[in-house]
>>> print(open('run-v9.cif').read())   # mmCIF, C-alpha atoms
data_work
#
loop_
_atom_site.label_atom_id
_atom_site.label_comp_id
_atom_site.auth_asym_id
_atom_site.auth_seq_id
_atom_site.Cartn_x
_atom_site.Cartn_y
_atom_site.Cartn_z
CA MET L 1 4.60 -20.76 7.39
CA GLU L 2 6.90 -23.76 7.63
CA LYS L 3 4.66 -25.56 5.15
CA ASN L 4 4.92 -22.53 2.84
CA ALA L 5 8.73 -22.65 3.01
CA LEU L 6 8.71 -26.29 1.88
CA LEU L 7 6.23 -25.70 -0.93
CA ALA L 8 8.25 -22.68 -2.08
CA GLU L 9 11.36 -24.83 -2.40
CA ARG L 10 9.38 -27.37 -4.39
CA ASN L 11 8.23 -24.55 -6.68
CA ARG L 12 11.85 -23.39 -6.97
CA GLY L 13 13.00 -26.84 -8.06
CA PHE L 14 10.14 -27.18 -10.52
CA PHE L 15 10.79 -23.76 -12.07
CA ARG L 16 14.52 -24.50 -12.36
CA ALA L 17 13.80 -27.73 -14.19
CA LYS L 18 11.69 -25.70 -16.58
CA LYS L 19 14.60 -23.23 -17.06
CA LEU L 20 12.41 -20.33 -15.96
CA LEU L 21 13.64 -17.12 -14.37
CA VAL L 22 10.96 -16.32 -11.78
CA LEU L 23 10.27 -12.84 -10.37
CA ASN L 24 8.08 -12.00 -7.37
CA VAL L 25 7.04 -8.35 -7.86
CA VAL L 26 5.84 -6.58 -4.72
CA SER L 27 4.89 -2.99 -3.86
CA SER L 28 2.24 -0.70 -2.39
CA PRO L 29 -1.08 -0.55 -4.19
CA GLY L 30 -0.75 1.77 -7.16
CA SER L 31 3.06 1.79 -7.51
CA GLY L 32 2.70 0.69 -11.10
CA LYS L 33 3.35 -3.07 -10.98
CA THR L 34 1.07 -3.95 -13.87
CA THR L 35 2.36 -1.24 -16.22
CA PHE L 36 5.96 -2.14 -15.29
CA ILE L 37 5.35 -5.83 -16.04
CA ARG L 38 3.43 -5.15 -19.25
CA GLU L 39 6.11 -2.82 -20.63
CA SER L 40 8.93 -5.17 -19.59
CA ALA L 41 7.23 -8.13 -21.28
CA ALA L 42 6.53 -6.14 -24.45
CA ARG L 43 10.15 -4.97 -24.75
CA LEU L 44 11.52 -8.46 -24.03
CA ALA L 45 9.16 -10.16 -26.46
CA LYS L 46 11.75 -10.53 -29.25
CA THR L 47 14.25 -12.34 -27.01
CA LEU L 48 12.37 -13.78 -24.03
CA ARG L 49 8.85 -15.09 -23.62
CA VAL L 50 7.19 -13.78 -20.46
CA GLY L 51 4.15 -15.19 -18.63
CA VAL L 52 2.47 -13.65 -15.61
CA ILE L 53 0.59 -14.80 -12.50
CA VAL L 54 -1.40 -11.91 -10.99
CA GLY L 55 -2.70 -11.77 -7.42
CA ASP L 56 -5.49 -9.45 -6.26
CA LEU L 57 -8.13 -9.46 -3.55
CA ALA L 58 -10.78 -8.84 -6.18
CA THR L 59 -11.26 -8.07 -9.90
CA ASP L 60 -9.27 -9.34 -12.86
CA ASN L 61 -8.49 -5.83 -14.16
CA ASP L 62 -4.73 -6.36 -14.11
CA ALA L 63 -4.95 -9.75 -15.82
CA ALA L 64 -7.19 -8.21 -18.49
CA LYS L 65 -4.68 -5.41 -19.10
CA LEU L 66 -1.84 -7.91 -19.53
CA ARG L 67 -3.90 -10.32 -21.64
CA SER L 68 -4.89 -7.54 -24.03
CA ALA L 69 -1.15 -6.95 -24.57
CA GLY L 70 -0.82 -10.58 -25.72
CA ILE L 71 0.85 -11.83 -22.51
CA PRO L 72 -0.13 -15.28 -21.15
CA VAL L 73 -1.63 -14.59 -17.71
CA VAL L 74 -3.39 -16.39 -14.86
CA GLN L 75 -5.34 -14.48 -12.21
CA ILE L 76 -5.40 -15.49 -8.54
CA THR L 77 -8.19 -13.85 -6.54
CA THR L 78 -7.37 -13.99 -2.84
CA GLY L 79 -10.62 -12.64 -1.35
CA THR L 80 -9.41 -11.07 1.87
CA VAL L 81 -5.87 -12.52 1.98
CA CYS L 82 -3.15 -9.86 1.79
CA HIS L 83 -0.45 -11.92 -0.01
CA LEU L 84 0.12 -14.85 -2.35
CA ASP L 85 1.56 -18.10 -0.99
CA ALA L 86 3.55 -20.91 -2.59
CA ASP L 87 0.55 -23.22 -2.91
CA MET L 88 -1.52 -20.61 -4.79
CA VAL L 89 1.39 -20.03 -7.15
CA SER L 90 1.92 -23.75 -7.74
CA LYS L 91 -1.73 -24.21 -8.70
CA ALA L 92 -1.79 -21.11 -10.92
CA ALA L 93 1.45 -22.07 -12.69
CA ARG L 94 -0.17 -25.33 -13.85
CA GLN L 95 -2.58 -23.24 -15.93
CA LEU L 96 0.31 -21.78 -17.99
CA ASP L 97 2.25 -23.64 -20.66
CA LEU L 98 5.58 -23.21 -18.87
CA ASP L 99 7.56 -24.94 -21.64
CA GLN L 100 6.66 -21.99 -23.85
CA LEU L 101 8.04 -19.42 -21.39
CA ASP L 102 11.48 -18.10 -20.38
CA VAL L 103 10.44 -15.73 -17.59
CA LEU L 104 7.58 -16.10 -15.12
CA VAL L 105 6.55 -12.90 -13.36
CA ILE L 106 4.39 -13.16 -10.24
CA GLU L 107 2.58 -9.88 -9.54
CA ASN L 108 1.83 -10.06 -5.81
CA VAL L 109 -1.04 -8.37 -3.97
CA GLY L 110 -0.41 -4.63 -3.49
CA ASN L 111 0.94 -4.62 0.05
CA LEU L 112 4.28 -3.66 1.62
CA VAL L 113 3.87 -5.87 4.69
CA CYS L 114 2.32 -9.34 4.34
CA PRO L 115 4.07 -10.62 1.16
CA ALA L 116 7.48 -10.15 2.84
CA ASP L 117 7.04 -13.37 4.85
CA TYR L 118 6.00 -15.62 1.96
CA ASP L 119 8.62 -17.18 -0.26
CA LEU L 120 6.93 -18.21 -3.51
CA GLY L 121 9.92 -20.05 -4.98
CA GLU L 122 11.11 -17.03 -6.96
CA ASP L 123 14.67 -16.34 -8.15
CA LEU L 124 14.37 -12.59 -7.64
CA ARG L 125 12.20 -10.56 -5.34
CA VAL L 126 11.59 -7.20 -7.00
CA VAL L 127 10.20 -4.36 -4.88
CA LEU L 128 8.79 -1.24 -6.54
CA LEU L 129 8.83 2.21 -4.94
CA SER L 130 7.05 4.95 -6.86
CA THR L 131 8.29 8.53 -6.72
CA THR L 132 4.80 9.65 -5.66
CA GLU L 133 4.90 7.53 -2.47
CA GLY L 134 7.77 9.43 -0.89
CA GLU L 135 11.36 8.57 -0.12
CA ASP L 136 10.83 7.18 3.40
CA LYS L 137 9.10 3.90 2.49
CA PRO L 138 12.24 1.67 2.77
CA LEU L 139 12.66 2.85 6.38
CA LYS L 140 8.99 2.35 7.22
CA TYR L 141 8.63 -1.13 5.69
CA PRO L 142 12.02 -2.70 6.41
CA PRO L 143 11.19 -6.43 6.12
CA MET L 144 9.98 -6.04 2.55
CA PHE L 145 12.76 -3.75 1.37
CA HIS L 146 15.42 -5.73 3.21
CA SER L 147 14.38 -8.98 1.53
CA ALA L 148 14.43 -7.57 -2.01
CA ASN L 149 17.02 -8.60 -4.62
CA VAL L 150 16.00 -5.74 -6.85
CA ALA L 151 14.54 -2.32 -5.99
CA VAL L 152 12.93 -0.33 -8.79
CA VAL L 153 12.07 3.34 -8.39
CA THR L 154 9.02 3.75 -10.66
CA LYS L 155 7.12 6.74 -12.09
CA SER L 156 10.33 8.73 -12.52
CA ASP L 157 8.38 10.99 -14.90
CA LEU L 158 6.33 12.22 -11.91
CA ALA L 159 9.32 12.79 -9.59
CA ALA L 160 9.53 16.56 -10.08
CA ALA L 161 5.77 17.15 -9.74
CA ALA L 162 5.68 15.02 -6.58
CA GLY L 163 8.66 16.80 -5.02
CA PHE L 164 10.52 13.47 -4.78
CA ASP L 165 13.87 13.70 -2.97
CA ARG L 166 15.90 11.27 -5.10
CA GLU L 167 19.13 11.42 -3.09
CA GLN L 168 17.26 10.69 0.15
CA ALA L 169 15.35 7.81 -1.46
CA LEU L 170 18.54 6.20 -2.78
CA ALA L 171 20.23 6.63 0.61
CA ASN L 172 17.24 4.95 2.30
CA LEU L 173 17.34 2.10 -0.22
CA ARG L 174 21.06 1.60 0.33
CA ARG L 175 20.44 1.50 4.06
CA VAL L 176 17.61 -1.08 4.06
CA SER L 177 17.88 -2.91 0.73
CA HIS L 178 21.57 -3.73 1.20
CA HIS L 179 21.68 -6.51 -1.32
CA ALA L 180 19.43 -5.00 -3.93
CA GLU L 181 20.30 -3.91 -7.42
CA VAL L 182 18.61 -0.51 -7.89
CA PHE L 183 16.95 0.80 -11.05
CA GLU L 184 15.12 4.07 -11.72
CA LEU L 185 12.62 4.22 -14.53
CA SER L 186 9.26 5.23 -15.92
CA ALA L 187 7.38 2.36 -17.55
CA ARG L 188 4.96 4.93 -18.99
CA THR L 189 7.59 6.92 -20.89
CA GLY L 190 10.16 4.12 -21.28
CA GLU L 191 12.88 6.21 -19.63
CA GLY L 192 15.37 3.95 -17.81
CA MET L 193 13.81 0.67 -18.97
CA GLN L 194 16.84 -0.59 -20.94
CA PRO L 195 19.29 -1.15 -18.05
CA TRP L 196 16.57 -3.12 -16.21
CA LEU L 197 15.87 -5.30 -19.27
CA ASP L 198 19.61 -5.91 -19.83
CA TYR L 199 19.96 -6.95 -16.20
CA LEU L 200 17.02 -9.35 -16.53
CA LYS L 201 18.44 -10.99 -19.66
CA LYS L 202 21.80 -11.44 -17.94
CA GLN L 203 20.14 -12.92 -14.86
CA ARG L 204 18.39 -15.52 -16.97
CA THR L 205 21.56 -16.44 -18.87
CA ASP L 206 23.60 -16.68 -15.67
CA ALA L 207 20.92 -18.74 -13.91
CA ASN L 208 20.74 -21.26 -16.72
CA HIS L 209 24.52 -21.51 -16.96
CA ALA L 210 24.69 -22.15 -13.21
CA ARG L 211 22.02 -24.81 -13.53
CA ALA L 212 23.55 -26.49 -16.59
CA MET E 1 -10.69 -10.87 16.54
CA GLU E 2 -13.66 -11.27 18.90
CA LYS E 3 -11.50 -9.91 21.69
CA ASN E 4 -10.60 -6.95 19.46
CA ALA E 5 -14.30 -6.23 18.83
CA LEU E 6 -14.94 -6.06 22.58
CA LEU E 7 -11.93 -3.87 23.29
CA ALA E 8 -12.91 -1.58 20.41
CA GLU E 9 -16.35 -1.04 21.97
CA ARG E 10 -14.69 -0.27 25.29
CA ASN E 11 -12.51 2.30 23.51
CA ARG E 12 -15.63 3.74 21.86
CA GLY E 13 -17.34 4.20 25.21
CA PHE E 14 -14.24 5.73 26.75
CA PHE E 15 -13.76 8.17 23.86
CA ARG E 16 -17.45 9.17 23.98
CA ALA E 17 -17.19 9.94 27.66
CA LYS E 18 -14.24 12.18 26.81
CA LYS E 19 -16.36 13.92 24.11
CA LEU E 20 -13.78 13.07 21.47
CA LEU E 21 -14.49 12.64 17.78
CA VAL E 22 -12.22 9.75 16.75
CA LEU E 23 -11.00 9.09 13.19
CA ASN E 24 -9.26 5.95 11.91
CA VAL E 25 -7.31 7.05 8.83
CA VAL E 26 -6.31 4.23 6.47
CA SER E 27 -4.68 4.07 3.02
CA SER E 28 -1.88 2.59 0.93
CA PRO E 29 1.66 3.53 1.92
CA GLY E 30 2.41 6.98 0.53
CA SER E 31 -1.14 8.22 -0.07
CA GLY E 32 -0.41 11.25 2.05
CA LYS E 33 -1.96 10.39 5.44
CA THR E 34 0.54 12.35 7.52
CA THR E 35 0.38 15.52 5.41
CA PHE E 36 -3.43 15.29 5.34
CA ILE E 37 -3.59 14.94 9.13
CA ARG E 38 -1.02 17.67 9.77
CA GLU E 39 -2.77 20.17 7.49
CA SER E 40 -6.20 19.30 8.89
CA ALA E 41 -4.97 19.77 12.47
CA ALA E 42 -3.26 23.07 11.64
CA ARG E 43 -6.36 24.50 9.99
CA LEU E 44 -8.65 23.30 12.80
CA ALA E 45 -6.36 24.62 15.53
CA LYS E 46 -8.40 27.76 16.21
CA THR E 47 -11.62 25.83 16.82
CA LEU E 48 -10.72 22.21 17.65
CA ARG E 49 -7.72 20.68 19.39
CA VAL E 50 -6.43 17.60 17.54
CA GLY E 51 -4.21 14.82 18.90
CA VAL E 52 -2.79 11.95 16.87
CA ILE E 53 -1.84 8.29 17.39
CA VAL E 54 0.48 7.11 14.60
CA GLY E 55 1.08 3.47 13.66
CA ASP E 56 4.10 2.27 11.66
CA LEU E 57 6.12 -0.91 11.37
CA ALA E 58 9.29 1.07 12.03
CA THR E 59 10.59 4.65 12.49
CA ASP E 60 8.91 7.60 14.16
CA ASN E 61 9.25 9.85 11.10
CA ASP E 62 5.53 10.60 10.91
CA ALA E 63 5.26 11.33 14.62
CA ALA E 64 8.25 13.68 14.35
CA LYS E 65 6.62 15.54 11.43
CA LEU E 66 3.40 16.00 13.39
CA ARG E 67 5.15 16.91 16.64
CA SER E 68 7.21 19.58 14.91
CA ALA E 69 3.89 21.14 13.82
CA GLY E 70 2.91 21.42 17.50
CA ILE E 71 0.45 18.50 17.45
CA PRO E 72 0.31 16.13 20.48
CA VAL E 73 1.26 12.72 19.11
CA VAL E 74 2.00 9.17 20.29
CA GLN E 75 3.84 6.67 18.08
CA ILE E 76 2.98 2.95 17.99
CA THR E 77 5.68 0.81 16.37
CA THR E 78 4.17 -2.51 15.28
CA GLY E 79 7.34 -4.34 14.17
CA THR E 80 5.96 -6.72 11.53
CA VAL E 81 2.23 -6.31 12.24
CA CYS E 82 0.30 -4.84 9.30
CA HIS E 83 -2.42 -3.00 11.26
CA LEU E 84 -3.25 -1.37 14.59
CA ASP E 85 -5.65 -3.09 17.00
CA ALA E 86 -7.93 -1.79 19.75
CA ASP E 87 -5.55 -2.78 22.54
CA MET E 88 -2.60 -0.88 21.01
CA VAL E 89 -4.83 2.19 20.61
CA SER E 90 -6.11 1.97 24.19
CA LYS E 91 -2.56 1.88 25.56
CA ALA E 92 -1.35 4.70 23.29
CA ALA E 93 -4.36 6.91 24.13
CA ARG E 94 -3.37 6.82 27.82
CA GLN E 95 -0.20 8.71 26.88
CA LEU E 96 -2.22 11.68 25.59
CA ASP E 97 -4.04 14.22 27.77
CA LEU E 98 -7.43 13.45 26.24
CA ASP E 99 -9.22 16.10 28.31
CA GLN E 100 -7.27 18.69 26.35
CA LEU E 101 -8.41 17.32 22.96
CA ASP E 102 -11.56 17.51 20.82
CA VAL E 103 -10.53 15.24 17.96
CA LEU E 104 -8.33 12.11 18.11
CA VAL E 105 -6.90 10.99 14.79
CA ILE E 106 -5.48 7.48 14.50
CA GLU E 107 -3.11 7.17 11.54
CA ASN E 108 -3.12 3.46 10.79
CA VAL E 109 -0.30 1.44 9.18
CA GLY E 110 -0.11 2.05 5.41
CA ASN E 111 -2.03 -0.95 4.14
CA LEU E 112 -5.27 -1.40 2.18
CA VAL E 113 -5.95 -4.92 3.46
CA CYS E 114 -5.25 -5.80 7.11
CA PRO E 115 -6.65 -2.70 8.89
CA ALA E 116 -10.10 -3.35 7.36
CA ASP E 117 -10.81 -6.11 9.88
CA TYR E 118 -9.83 -4.20 13.02
CA ASP E 119 -12.30 -1.85 14.65
CA LEU E 120 -10.34 0.55 16.87
CA GLY E 121 -13.35 2.21 18.49
CA GLU E 122 -13.41 5.08 16.00
CA ASP E 123 -16.41 7.21 15.05
CA LEU E 124 -15.35 7.58 11.43
CA ARG E 125 -13.20 5.38 9.24
CA VAL E 126 -11.52 7.61 6.68
CA VAL E 127 -9.91 5.97 3.64
CA LEU E 128 -7.51 7.96 1.45
CA LEU E 129 -7.02 7.30 -2.27
CA SER E 130 -4.31 9.34 -3.95
CA THR E 131 -4.65 10.37 -7.59
CA THR E 132 -1.24 8.80 -8.31
CA GLU E 133 -2.42 5.31 -7.26
CA GLY E 134 -4.99 4.99 -10.02
CA GLU E 135 -8.76 4.91 -10.07
CA ASP E 136 -9.24 1.14 -9.69
CA LYS E 137 -8.22 0.77 -6.04
CA PRO E 138 -11.78 0.72 -4.59
CA LEU E 139 -12.57 -2.27 -6.82
CA LYS E 140 -9.34 -4.07 -5.92
CA TYR E 141 -9.55 -3.56 -2.14
CA PRO E 142 -13.30 -3.81 -1.50
CA PRO E 143 -13.34 -4.63 2.25
CA MET E 144 -11.43 -1.46 3.13
CA PHE E 145 -13.32 0.85 0.81
CA HIS E 146 -16.68 -0.71 1.67
CA SER E 147 -16.15 -0.17 5.40
CA ALA E 148 -15.24 3.52 5.07
CA ASN E 149 -17.47 6.33 6.33
CA VAL E 150 -15.40 8.90 4.47
CA ALA E 151 -13.34 8.55 1.28
CA VAL E 152 -10.83 11.29 0.50
CA VAL E 153 -9.20 11.58 -2.92
CA THR E 154 -5.79 13.10 -2.09
CA LYS E 155 -3.00 14.71 -4.14
CA SER E 156 -5.51 16.37 -6.47
CA ASP E 157 -2.67 18.68 -7.54
CA LEU E 158 -0.96 15.67 -9.20
CA ALA E 159 -4.09 14.36 -10.94
CA ALA E 160 -3.31 15.77 -14.37
CA ALA E 161 0.35 14.70 -14.36
CA ALA E 162 -0.63 11.18 -13.25
CA GLY E 163 -3.36 10.87 -15.90
CA PHE E 164 -5.96 10.28 -13.19
CA ASP E 165 -9.44 9.45 -14.52
CA ARG E 166 -11.55 11.35 -12.00
CA GLU E 167 -14.96 10.26 -13.31
CA GLN E 168 -13.94 6.60 -13.21
CA ALA E 169 -12.51 6.95 -9.70
CA LEU E 170 -15.69 8.57 -8.38
CA ALA E 171 -17.81 5.90 -10.07
CA ASN E 172 -15.69 3.18 -8.44
CA LEU E 173 -15.99 4.87 -5.04
CA ARG E 174 -19.77 5.15 -5.42
CA ARG E 175 -19.90 1.45 -6.28
CA VAL E 176 -17.81 0.16 -3.34
CA SER E 177 -17.90 2.91 -0.70
CA HIS E 178 -21.71 3.16 -0.76
CA HIS E 179 -22.02 4.88 2.58
CA ALA E 180 -19.01 7.15 2.32
CA GLU E 181 -18.95 10.91 2.15
CA VAL E 182 -16.46 11.76 -0.62
CA PHE E 183 -13.97 14.65 -0.64
CA GLU E 184 -11.34 15.63 -3.20
CA LEU E 185 -8.39 17.72 -2.07
CA SER E 186 -4.70 18.45 -1.99
CA ALA E 187 -3.30 18.83 1.51
CA ARG E 188 -0.12 20.24 -0.04
CA THR E 189 -1.80 23.15 -1.86
CA GLY E 190 -4.85 23.44 0.42
CA GLU E 191 -7.25 23.04 -2.50
CA GLY E 192 -10.49 21.38 -1.36
CA MET E 193 -9.58 21.30 2.35
CA GLN E 194 -12.40 23.58 3.55
CA PRO E 195 -15.40 21.31 2.79
CA TRP E 196 -13.62 18.46 4.62
CA LEU E 197 -12.91 20.63 7.66
CA ASP E 198 -16.51 21.91 7.73
CA TYR E 199 -17.75 18.33 7.61
CA LEU E 200 -15.46 17.35 10.48
CA LYS E 201 -16.64 20.23 12.66
CA LYS E 202 -20.26 19.33 11.98
CA GLN E 203 -19.60 15.66 12.79
CA ARG E 204 -18.18 16.61 16.16
CA THR E 205 -21.05 18.95 17.00
CA ASP E 206 -23.65 16.36 15.95
CA ALA E 207 -21.92 13.57 17.87
CA ASN E 208 -21.80 15.57 21.08
CA HIS E 209 -25.43 16.66 20.71
CA ALA E 210 -26.44 13.04 20.23
CA ARG E 211 -24.48 12.07 23.32
CA ALA E 212 -25.76 14.94 25.48
#
>>> encode(input="run-v9.cif", output="structure tokens")
Amino acid sequence: MEKNALLAERNRGFFRAKKLLVLNVVSSPGSGKTTFIRESAARLAKTLRVGVIVGDLATDNDAAKLRSAGIPVVQITTGTVCHLDADMVSKAARQLDLDQLDVLVIENVGNLVCPADYDLGEDLRVVLLSTTEGEDKPLKYPPMFHSANVAVVTKSDLAAAAGFDREQALANLRRVSHHAEVFELSARTGEGMQPWLDYLKKQRTDANHARA
Amino acid sequence: MEKNALLAERNRGFFRAKKLLVLNVVSSPGSGKTTFIRESAARLAKTLRVGVIVGDLATDNDAAKLRSAGIPVVQITTGTVCHLDADMVSKAARQLDLDQLDVLVIENVGNLVCPADYDLGEDLRVVLLSTTEGEDKPLKYPPMFHSANVAVVTKSDLAAAAGFDREQALANLRRVSHHAEVFELSARTGEGMQPWLDYLKKQRTDANHARA
């Protein structure tokens, strides 16, 4: 763990030198990480170039989905490991042409517990909470939600069918994800995507000004 | 891990002596474990008495939901640990009056990775896959789905809204969960619950005949 913290800082320095904004996207399995990343990258394509590192225990389904949308992507297959670590990310990043990218998105293994403890060297930790999972998840998985810089409520198009209690969910997020910027959207329909994309563009501009 | 395997066998022997059918229910966060268990217990109440051990990192929300339905329940709070183990279950079980129960359901921490490696001494490992998570989860979390005796597709009432590809999901389950009995249901609407309950009753009868 201590070794991971050091390697994560090395990643952070490396990514800063490359002027990359780096996101670590975490959530339960099936919260919609891949669709969210694919739609974000597609809508940013005219202004920012996005590359992706995808982590999964098995299969390269997610990488294939992203690749078929024209996004540069590297797959990490973890076997039985429930999270990515800084060393895996460092090795995977070498397989991307980072000088051709503005934003690097790391799609972590679907898991609301293990990835919380592993800094990857990201600028922003983005946690997804889908409306179909229920509003209590921030309370039940506090380390992950507490450590997030951004919390995104996904699948807003399914909220009514799922009986999602939006007010309760937002109250739970405010309670656990104190520091997080909150967005609500549906990557499938596009509803609510624009404020998230505007935020991302501003984050990259601000980061590079701060580093200049 | 070796110690856990031994303690799990001790649990198994203890539970057999008590003539309990023991289920270890695992899934992603938000797949509907608590609603599934509550509705199963309520519908079995006339024929089988069900008690529950609930595992969560934090909160006793799930225990409170089950308790308010009149179900005997013990909460295990794991802190940052992503799974239950045999020792936690053994200690929690002592807080239930097992002689007054026929079925003991262990609701594991919401996680498709870590609980796969921890035998708790159960008779049946039951993995839930909700229609809103997508049909690829068995392929992406093979250890968990491979080790399951029962696979339950939950939230069938949301399948159409979520664009769930049922044929693909069942094909993926057949591929990874070779040995699993498969059920499709909605605990919220009650659709599909009866075949699952009939199966459970038969499992308990068969187990106690085999042990007699």
>>> closest_atom_pairs(input="run-v9.cif", of="range 42-70 of chain E", to="range 126-143 of chain L", cutoff="10 Å", atoms="only C-alpha atoms", output="CSV")
residue,atom,partner,partner_atom,distance
E:Asp56,CA,L:Lys140,CA,6.6
E:Leu57,CA,L:Lys140,CA,6.0
E:Ala58,CA,L:Lys140,CA,5.0
E:Thr59,CA,L:Lys140,CA,6.0
E:Asp60,CA,L:Lys140,CA,8.7
E:Asn61,CA,L:Asp136,CA,8.3
E:Asp62,CA,L:Lys140,CA,9.7
>>> resolve_selection(input="run-v9.cif", expression="the PyMOL selection byres ((chain L and resi 29-42) around 6)", output="number ranges by chain")
L: 28, 43-45, 50, 66, 110, 130, 187; E: 133
>>> resolve_selection(input="run-v9.cif", expression="the PyMOL selection byres ((chain L and resi 20) around 9)", output="CSV table (one decimal) with C-alpha atoms, keeping the file's coordinate frame")
chain,number,residue,atom,x,y,z
L,15,PHE,CA,10.8,-23.8,-12.1
L,16,ARG,CA,14.5,-24.5,-12.4
L,17,ALA,CA,13.8,-27.7,-14.2
L,18,LYS,CA,11.7,-25.7,-16.6
L,19,LYS,CA,14.6,-23.2,-17.1
L,21,LEU,CA,13.6,-17.1,-14.4
L,22,VAL,CA,11.0,-16.3,-11.8
L,98,LEU,CA,5.6,-23.2,-18.9
L,99,ASP,CA,7.6,-24.9,-21.6
L,101,LEU,CA,8.0,-19.4,-21.4
L,102,ASP,CA,11.5,-18.1,-20.4
L,103,VAL,CA,10.4,-15.7,-17.6
L,104,LEU,CA,7.6,-16.1,-15.1
L,204,ARG,CA,18.4,-15.5,-17.0
L,207,ALA,CA,20.9,-18.7,-13.9
L,208,ASN,CA,20.7,-21.3,-16.7
>>> resolve_selection(input="run-v9.cif", expression="the PyMOL selection byres ((chain L and resi 26) around 6)", output="list in words")
Val25, Ser27, Asn108 and Val127 of chain L
>>> residues_around(input="run-v9.cif", residues="Ala8 in chain L", least_positions_apart="3", cutoff="10 Å", atoms="all atoms listed in the file", output="list in words")
Glu2, Lys3, Asn4, Ala5, Asn11, Arg12, Gly13, Phe14, Asp85, Ala86, Asp87, Val89, Ser90, Tyr118, Asp119, Leu120, Gly121 and Glu122 of chain L
>>> write_last_selection(input="run-v9.cif", atoms="C-alpha atoms", output="PDB file, in the frame of the given file")
ATOM      1  CA  GLU L   2       6.900 -23.760   7.630  1.00  0.00           C
ATOM      2  CA  LYS L   3       4.660 -25.560   5.150  1.00  0.00           C
ATOM      3  CA  ASN L   4       4.920 -22.530   2.840  1.00  0.00           C
ATOM      4  CA  ALA L   5       8.730 -22.650   3.010  1.00  0.00           C
ATOM      5  CA  ASN L  11       8.230 -24.550  -6.680  1.00  0.00           C
ATOM      6  CA  ARG L  12      11.850 -23.390  -6.970  1.00  0.00           C
ATOM      7  CA  GLY L  13      13.000 -26.840  -8.060  1.00  0.00           C
ATOM      8  CA  PHE L  14      10.140 -27.180 -10.520  1.00  0.00           C
ATOM      9  CA  ASP L  85       1.560 -18.100  -0.990  1.00  0.00           C
ATOM     10  CA  ALA L  86       3.550 -20.910  -2.590  1.00  0.00           C
ATOM     11  CA  ASP L  87       0.550 -23.220  -2.910  1.00  0.00           C
ATOM     12  CA  VAL L  89       1.390 -20.030  -7.150  1.00  0.00           C
ATOM     13  CA  SER L  90       1.920 -23.750  -7.740  1.00  0.00           C
ATOM     14  CA  TYR L 118       6.000 -15.620   1.960  1.00  0.00           C
ATOM     15  CA  ASP L 119       8.620 -17.180  -0.260  1.00  0.00           C
ATOM     16  CA  LEU L 120       6.930 -18.210  -3.510  1.00  0.00           C
ATOM     17  CA  GLY L 121       9.920 -20.050  -4.980  1.00  0.00           C
ATOM     18  CA  GLU L 122      11.110 -17.030  -6.960  1.00  0.00           C
TER      19      GLU L 122
END
>>> closest_residue(input="run-v9.cif", among="E:Asp198, E:Glu191, E:Asp123, E:Asp117", to="chain L", atoms="only C-alpha atoms")
E:Asp117
>>> closest_residue(input="run-v9.cif", among="E:Val150, E:Leu200, E:Met144, E:Leu48", to="chain L", atoms="only C-alpha atoms")
E:Met144
>>> closest_residue(input="run-v9.cif", among="L:Gln168, L:Ser177, L:Ser186, L:Thr80", to="chain E", atoms="only C-alpha atoms")
L:Thr80
>>> atom_distance(input="run-v9.cif", atom1="CA of Gln95 in chain E", atom2="CA of Val52 in chain E")
10.8 Å
>>> atom_distance(input="run-v9.cif", atom1="CA of Glu181 in chain E", atom2="CA of Arg49 in chain E")
22.8 Å
>>> closest_residue(input="run-v9.cif", among="E:Gln75, E:Thr189, E:Ser68, E:Asn172", to="Thr154 in chain E", atoms="only C-alpha atoms")
E:Thr189
>>> residues_around(input="run-v9.cif", residues="Met88 in chain L", least_positions_apart="2", cutoff="10 Å", atoms="all atoms listed in the file", output="ChimeraX atom specification")
/L:53,55,76-78,83-86,90-93,120
